[in-house]
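Before any comments, here is the structure.
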Amino acid sequence: MQELATTKTTFKKIESEWFNYYRTLQEIKLLEEAILYPYDESDDDPTVVAGKNSVRNTTDPTADKVIRLTKHKQLNYLREITSAIETVYNALPKDRKRLVHERYWCKDNNKDWEYVANQCYVSKRQALRWRDEMVQATVEVLGWR
């Protein structure tokens, strides 16, 4: 099977997802909380009187929450991205994991590749090769092009 060439846009998008991994995890938590605990207006409005034939909600609230969690497109998209990043990261050797921490997950994201390569005890070119392989692996896990 022939590999599809990764577009420049996809490469930059994947790399930005590595930079924003922890922020994406926070977004997932916020979305889950918003879905599980939505703002509900009071159903006990004294001005509304339900008669014998009024429509009543006889649903299962737990099932409704599960359905909302599984059908939410943005939540599924963010979970798919974080899952792909975790899959690729867990498959990396120790030295490449250090590259990920130094370049993408440290507080100071303004580190240049020369500094990151020195921290990993490799050349700048080798660090860039590792980055390319890591991004390509993420693209393959996600099924993007």
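Here, A, B, ... name the chains of the structure tokens in the order displayed, residue numbers run from 1 inside each chain, and ligands are numbered from 1 in the same displayed order.
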- Near-segment 35-39 of chain A list (12 Å; only C-alpha atoms; drop same-chain fewer than 5 positions) as a list of chain:residue names: A:Ile28, A:Lys29, A:Leu30, A:Pro61, A:Thr62, A:Ala63, A:Asp64, A:Lys65, A:Val66, A:Ile67, A:Arg68, A:Leu69, A:Thr70, A:Lys71, A:His72, A:Gln74, A:Leu75
- segment 86-95 of chain A: which residues within 10 Å, counting only C-alpha atoms, same-chain residues fewer than 4 positions away excluded, as a PyMOL selection string? chain A and resi 18+21+80-82+99-100+119-122+130+134-141
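Counting from atom CA of Asn118 of chain A, the distance to atom CA of Arg98 of chain A is 11.3 Å.
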- Residues of segment 60-134 of chain A in alpha helix (DSSP H) according to DSSP, as a PyMOL selection string? chain A and resi 61-71+73-91+94-100+113-119+124-134
- Task: Could you check how far atom CA of Glu102 of chain A sits from atom CA of Thr10 of chain A, in Å to one decimal?
- Result: 22.1 Å
- Note on the structure: Of A:Trp144, A:Leu128, A:Leu25, A:Asn20, the one sitting nearest Asp112 of chain A when using only C-alpha atoms is A:Leu128
